[in-house]
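Peer 1: One structure coming up, written as structure tokens, with questions to follow.
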Amino acid sequence: MKRAVYPGSFDPITFGHLDIIERSAKIVDELIVGVLNNSAKNSLFSIDERVKMIESKTKHLPNVKVVSFNGLLVDFMEQNEATIIIRGLRAVTDFEYELQIAQGNHVQKPDIETVFLTSSLQYSYLSSTIVKEFASYGGDISKFVPEDLIPQIYAKYNIKEN
Ligand code: PNS
């Protein structure tokens with residue numbers, strides 16, 4: 001049984017994240033989307049909002065569940081008997097940071113492996129930060145996030161959709 005965790009802040013979930021979830025769900029038996037509940041990080045969405053948004057967009061995937069976590073990722077992995085960390089790589093700029101956390105996690109728990117999926121070409125520029133930047137000015141985010149999440153995102157900036 002190959003159980004993997006796809007960890008992240010998902011503030012908010014984007015088409016890029018959903019693409020990685022869909023693709024990794026095909027190559028592991030079970031996938032846990034681990035949503036980091038970090039009070040030190042100033043998240044736009046609460047942990048419950050982020051979990052619910054992801055759940056609503058992954059319910060068609062029977063081997064995917066969404067769980068929030070605090071503390072170290074390697075501890076969350078162990079609690080869930082998961083041995084694979086999935087991360088998406090968009091561009092070379094992601095690599096240095098991702099290499100550090102993958103190697104740090106591997107040193108902590110040598111049984112845990114990180115598997116990188118390269119982002120699909122059409123999402124290689126996309127991040128939650130880009131979504132928030134465009135949304136904060138009332139910009140078009142329909143190519144970044146699923147349509148039904150847009151009102152919820154605009155609402156954070158008191159913007160009404162046209
Ligand atoms: O979506 P993000 O913010 O790039 O995800 C980063 C994440 C959640 C994978 C990373 O910050 C993480 O694993 N945090 C949990 C705390 C931890 O284990 N830290 C040590 C490795 S950075």
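For the structure tokens, the naming scheme is as follows: chains receive sequential letters (A, B, ...) according to their order of presentation, residues are indexed from 1 within each chain, and ligands are indexed from 1 in presentation order.
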DSSP on the backbone: which residues in region 23-121 of chain A end up as helix (DSSP H, G or I)? Give the answer as a PyMOL selection string.
Peer 2: chain A and resi 23-27+47-58+73-79+92-108+121
Peer 1: I need the residues from that last selection saved to file as a short mmCIF file (atom, residue, chain, number, x, y, z; two decimals), in the first residue's frame (with N, CA and C atoms), if you can.
Peer 2:
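The resulting file, out11.cif, is shown below:
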```
data_model
loop_
_atom_site.label_atom_id
_atom_site.label_comp_id
_atom_site.auth_asym_id
_atom_site.auth_seq_id
_atom_site.Cartn_x
_atom_site.Cartn_y
_atom_site.Cartn_z
N ARG A 23 -2.96 13.95 -10.79
CA ARG A 23 -1.91 13.09 -11.36
C ARG A 23 -1.29 12.19 -10.31
N SER A 24 -1.09 12.70 -9.09
CA SER A 24 -0.46 11.82 -8.10
C SER A 24 -1.44 10.78 -7.59
N ALA A 25 -2.75 11.10 -7.58
CA ALA A 25 -3.74 10.10 -7.15
C ALA A 25 -3.72 8.88 -8.07
N LYS A 26 -3.21 9.07 -9.29
CA LYS A 26 -3.15 7.93 -10.23
C LYS A 26 -1.94 7.03 -9.95
N ILE A 27 -0.94 7.55 -9.26
CA ILE A 27 0.28 6.74 -9.11
C ILE A 27 0.51 6.22 -7.70
N ILE A 47 -8.04 27.67 8.16
CA ILE A 47 -7.73 26.27 7.85
C ILE A 47 -9.00 25.53 7.38
N ASP A 48 -10.13 25.83 8.04
CA ASP A 48 -11.39 25.16 7.65
C ASP A 48 -11.79 25.54 6.22
N GLU A 49 -11.63 26.81 5.89
CA GLU A 49 -11.98 27.24 4.53
C GLU A 49 -11.10 26.54 3.49
N ARG A 50 -9.81 26.45 3.81
CA ARG A 50 -8.90 25.83 2.83
C ARG A 50 -9.20 24.34 2.66
N VAL A 51 -9.47 23.66 3.79
CA VAL A 51 -9.78 22.22 3.71
C VAL A 51 -11.08 22.03 2.91
N LYS A 52 -12.09 22.84 3.20
CA LYS A 52 -13.40 22.68 2.52
C LYS A 52 -13.28 22.94 1.02
N MET A 53 -12.49 23.96 0.66
CA MET A 53 -12.32 24.26 -0.78
C MET A 53 -11.70 23.07 -1.49
N ILE A 54 -10.68 22.47 -0.88
CA ILE A 54 -10.00 21.34 -1.52
C ILE A 54 -10.94 20.12 -1.57
N GLU A 55 -11.64 19.89 -0.46
CA GLU A 55 -12.58 18.75 -0.44
C GLU A 55 -13.61 18.88 -1.56
N SER A 56 -14.12 20.09 -1.74
CA SER A 56 -15.18 20.28 -2.74
C SER A 56 -14.67 20.00 -4.16
N LYS A 57 -13.37 20.16 -4.35
CA LYS A 57 -12.79 19.98 -5.70
C LYS A 57 -12.15 18.61 -5.90
N THR A 58 -12.16 17.76 -4.85
CA THR A 58 -11.51 16.44 -5.00
C THR A 58 -12.48 15.30 -4.68
N LEU A 73 6.08 18.16 9.14
CA LEU A 73 5.52 17.29 8.11
C LEU A 73 5.91 15.83 8.35
N VAL A 74 7.17 15.59 8.72
CA VAL A 74 7.61 14.20 8.91
C VAL A 74 6.82 13.51 10.03
N ASP A 75 6.42 14.28 11.05
CA ASP A 75 5.61 13.69 12.13
C ASP A 75 4.20 13.36 11.63
N PHE A 76 3.66 14.27 10.83
CA PHE A 76 2.34 14.04 10.23
C PHE A 76 2.39 12.79 9.34
N MET A 77 3.49 12.64 8.61
CA MET A 77 3.66 11.46 7.75
C MET A 77 3.61 10.19 8.60
N GLU A 78 4.38 10.22 9.68
CA GLU A 78 4.47 9.03 10.53
C GLU A 78 3.11 8.69 11.16
N GLN A 79 2.41 9.74 11.64
CA GLN A 79 1.08 9.50 12.26
C GLN A 79 0.13 8.85 11.25
N VAL A 92 12.89 26.24 -12.28
CA VAL A 92 14.16 26.03 -11.58
C VAL A 92 14.20 26.83 -10.28
N THR A 93 13.44 27.92 -10.22
CA THR A 93 13.40 28.75 -9.01
C THR A 93 12.81 28.00 -7.82
N ASP A 94 11.97 27.01 -8.06
CA ASP A 94 11.42 26.20 -6.97
C ASP A 94 12.46 25.24 -6.42
N PHE A 95 13.45 24.92 -7.25
CA PHE A 95 14.28 23.74 -6.98
C PHE A 95 15.08 23.84 -5.69
N GLU A 96 15.72 25.00 -5.48
CA GLU A 96 16.64 25.11 -4.34
C GLU A 96 15.92 24.89 -3.00
N TYR A 97 14.77 25.56 -2.86
CA TYR A 97 13.97 25.43 -1.64
C TYR A 97 13.46 23.99 -1.48
N GLU A 98 12.96 23.44 -2.58
CA GLU A 98 12.40 22.09 -2.53
C GLU A 98 13.47 21.05 -2.19
N LEU A 99 14.66 21.26 -2.75
CA LEU A 99 15.77 20.35 -2.47
C LEU A 99 16.11 20.37 -0.98
N GLN A 100 16.14 21.57 -0.42
CA GLN A 100 16.46 21.70 1.01
C GLN A 100 15.43 20.99 1.87
N ILE A 101 14.14 21.22 1.59
CA ILE A 101 13.16 20.59 2.48
C ILE A 101 13.11 19.07 2.25
N ALA A 102 13.30 18.64 1.01
CA ALA A 102 13.28 17.19 0.74
C ALA A 102 14.46 16.52 1.46
N GLN A 103 15.63 17.14 1.38
CA GLN A 103 16.79 16.52 2.02
C GLN A 103 16.69 16.62 3.53
N GLY A 104 16.18 17.76 4.03
CA GLY A 104 15.98 17.90 5.47
C GLY A 104 15.03 16.83 5.99
N ASN A 105 13.94 16.62 5.29
CA ASN A 105 12.97 15.61 5.72
C ASN A 105 13.56 14.21 5.64
N HIS A 106 14.37 13.97 4.62
CA HIS A 106 14.97 12.64 4.45
C HIS A 106 15.99 12.35 5.55
N VAL A 107 16.73 13.39 5.96
CA VAL A 107 17.70 13.22 7.06
C VAL A 107 16.95 12.90 8.35
N GLN A 108 15.82 13.59 8.57
CA GLN A 108 15.02 13.35 9.77
C GLN A 108 14.46 11.93 9.79
N LEU A 121 2.59 22.27 -18.19
CA LEU A 121 3.09 23.50 -18.83
C LEU A 121 2.16 24.70 -18.62
#
```
Peer 1: Select from region 45-131 of chain A every residue with an atom at most 10 Å from any atom of region 140-144 of chain A, then for each give the shortest pair of atoms and their distance in Å to one decimal, using only C-alpha atoms, rows by chain and rising number, as a tab-separated table.
Peer 2:
```
residue	atom	partner	partner_atom	distance
A:Gln122	CA	A:Lys143	CA	9.8
A:Tyr123	CA	A:Phe144	CA	8.3
A:Tyr125	CA	A:Phe144	CA	9.9
A:Leu126	CA	A:Phe144	CA	7.0
A:Ser127	CA	A:Phe144	CA	8.3
A:Ser128	CA	A:Phe144	CA	8.7
A:Ile130	CA	A:Phe144	CA	8.5
A:Val131	CA	A:Ile141	CA	6.4
```
Peer 1: Counting only C-alpha atoms and all ligand atoms, figure out which residue out of A:Val33, A:Ala135, A:Val145, A:Ile150 gets nearest to ligand 1.
Peer 2: A:Val33
Peer 1: Restricting the calculation to only C-alpha atoms and all ligand atoms: of A:Asn158, A:Thr129, A:Ser46, A:Thr83, which residue gets closest to ligand 1?
Peer 2: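 Between A:Asn158, A:Thr129, A:Ser46, A:Thr83, the residue approaching ligand 1 most closely is A:Thr129.
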Peer 1: Taking 2 positions as the minimum chain separation for residues in the same chain, which residues sit within 10 Å of Leu36 (chain A) when counting only C-alpha atoms? Answer as a PyMOL selection string.
Peer 2: chain A and resi 7-11+33-34+38-39+41+47+50-51+67-73
Peer 1: Dump N, CA and C atoms for the selected residues as a tab-separated table (two decimals), in the first residue's frame?
Peer 2:
```
chain	number	residue	atom	x	y	z
A	7	PRO	N	1.70	17.91	0.70
A	7	PRO	CA	1.54	18.98	1.69
A	7	PRO	C	1.59	20.37	1.07
A	8	GLY	N	0.98	21.31	1.75
A	8	GLY	CA	1.07	22.69	1.28
A	8	GLY	C	0.21	23.61	2.09
A	9	SER	N	0.29	24.89	1.75
A	9	SER	CA	-0.54	25.89	2.43
A	9	SER	C	-1.90	26.02	1.73
A	10	PHE	N	-1.91	25.88	0.42
A	10	PHE	CA	-3.14	25.91	-0.39
A	10	PHE	C	-4.01	27.12	-0.03
A	11	ASP	N	-3.41	28.30	-0.11
A	11	ASP	CA	-4.09	29.53	0.36
A	11	ASP	C	-4.29	30.51	-0.79
A	33	VAL	N	-4.06	14.97	1.12
A	33	VAL	CA	-3.67	16.37	0.90
A	33	VAL	C	-3.51	16.97	2.29
A	34	GLY	N	-2.28	17.28	2.67
A	34	GLY	CA	-1.98	17.78	4.01
A	34	GLY	C	-1.94	19.31	3.99
A	38	ASN	N	-0.67	26.74	10.03
A	38	ASN	CA	0.46	27.42	10.67
A	38	ASN	C	0.02	28.82	11.11
A	39	SER	N	-0.15	28.96	12.43
A	39	SER	CA	-0.66	30.25	12.93
A	39	SER	C	0.35	31.38	12.70
A	41	LYS	N	1.95	31.88	9.98
A	41	LYS	CA	1.81	32.34	8.60
A	41	LYS	C	0.49	33.09	8.48
A	47	ILE	N	-8.04	27.67	8.16
A	47	ILE	CA	-7.73	26.27	7.85
A	47	ILE	C	-9.00	25.53	7.38
A	50	ARG	N	-9.81	26.45	3.81
A	50	ARG	CA	-8.90	25.83	2.83
A	50	ARG	C	-9.20	24.34	2.66
A	51	VAL	N	-9.47	23.66	3.79
A	51	VAL	CA	-9.78	22.22	3.71
A	51	VAL	C	-11.08	22.03	2.91
A	67	VAL	N	-6.64	16.57	4.93
A	67	VAL	CA	-6.44	16.60	6.38
A	67	VAL	C	-5.55	17.78	6.73
A	68	SER	N	-5.90	18.52	7.77
A	68	SER	CA	-5.01	19.63	8.18
A	68	SER	C	-3.96	19.09	9.15
A	69	PHE	N	-2.84	19.79	9.20
A	69	PHE	CA	-1.82	19.37	10.17
A	69	PHE	C	-1.08	20.58	10.75
A	70	ASN	N	-0.56	20.34	11.96
A	70	ASN	CA	0.29	21.31	12.65
A	70	ASN	C	1.66	20.67	12.80
A	71	GLY	N	2.66	21.48	12.99
A	71	GLY	CA	3.97	20.92	13.34
A	71	GLY	C	4.71	20.38	12.14
A	72	LEU	N	5.58	19.42	12.42
A	72	LEU	CA	6.48	18.94	11.36
A	72	LEU	C	5.77	18.00	10.40
A	73	LEU	N	6.08	18.16	9.14
A	73	LEU	CA	5.52	17.29	8.11
A	73	LEU	C	5.91	15.83	8.35
```
Peer 1: Closest to ligand 1 among A:Glu22, A:Lys2, A:Asn37, A:Phe15, using only C-alpha atoms and all ligand atoms?
Peer 2: A:Asn37
Peer 1: For the structure I just gave you, how does DSSP split region 17-161 of chain A - specifically, which residues are strand (DSSP E or B)? Reply as number ranges by chain.
Peer 2: A: 30-36, 64-69, 84-89, 113-118
Peer 1: Nearest to Ser136 (chain A): which of A:Ile159, A:Ile13, A:Ile21, A:Ile32 is it, counting only C-alpha atoms?
Peer 2: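 Distance minimum relative to Ser136 (chain A) lands on A:Ile159.
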Peer 1: For CA of Tyr6 (chain A) and CA of Leu149 (chain A), quote the distance in Å rounded to one decimal.
Peer 2: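 Taking CA of Tyr6 (chain A) as the start and CA of Leu149 (chain A) as the end point, the length is 20.7 Å.
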Peer 1: To one decimal in Å, tell me the separation between atom 6 (C, counted along the ligand's line) of ligand 1 and CA of Ile85 (chain A).
Peer 2: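 CA of Ile85 (chain A) lies at a distance of 11.3 Å from atom 6 (C, counted along the ligand's line) of ligand 1.
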Peer 1: Can you list, as a PyMOL selection string, every protein, DNA or RNA residue that comes within 8 Å of Glu30 (chain A) when you count only C-alpha atoms, leaving out same-chain residues fewer than 5 positions away?
Peer 2: chain A and resi 1-4+25+63-64
Peer 1: Nearest residue to Leu31 (chain A) out of A:Lys65, A:Lys59, A:Lys156, A:Lys109, using only C-alpha atoms?
Peer 2: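 Among the listed residues, the smallest separation from Leu31 (chain A) belongs to A:Lys65.
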Peer 1: Considering only C-alpha atoms and all ligand atoms, state which residue in the set A:Pro62, A:Pro110, A:Gly88, A:Gly138 is at the smallest distance from ligand 1.
Peer 2: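 Using only C-alpha atoms and all ligand atoms, the shortest distance to ligand 1 belongs to A:Gly88.
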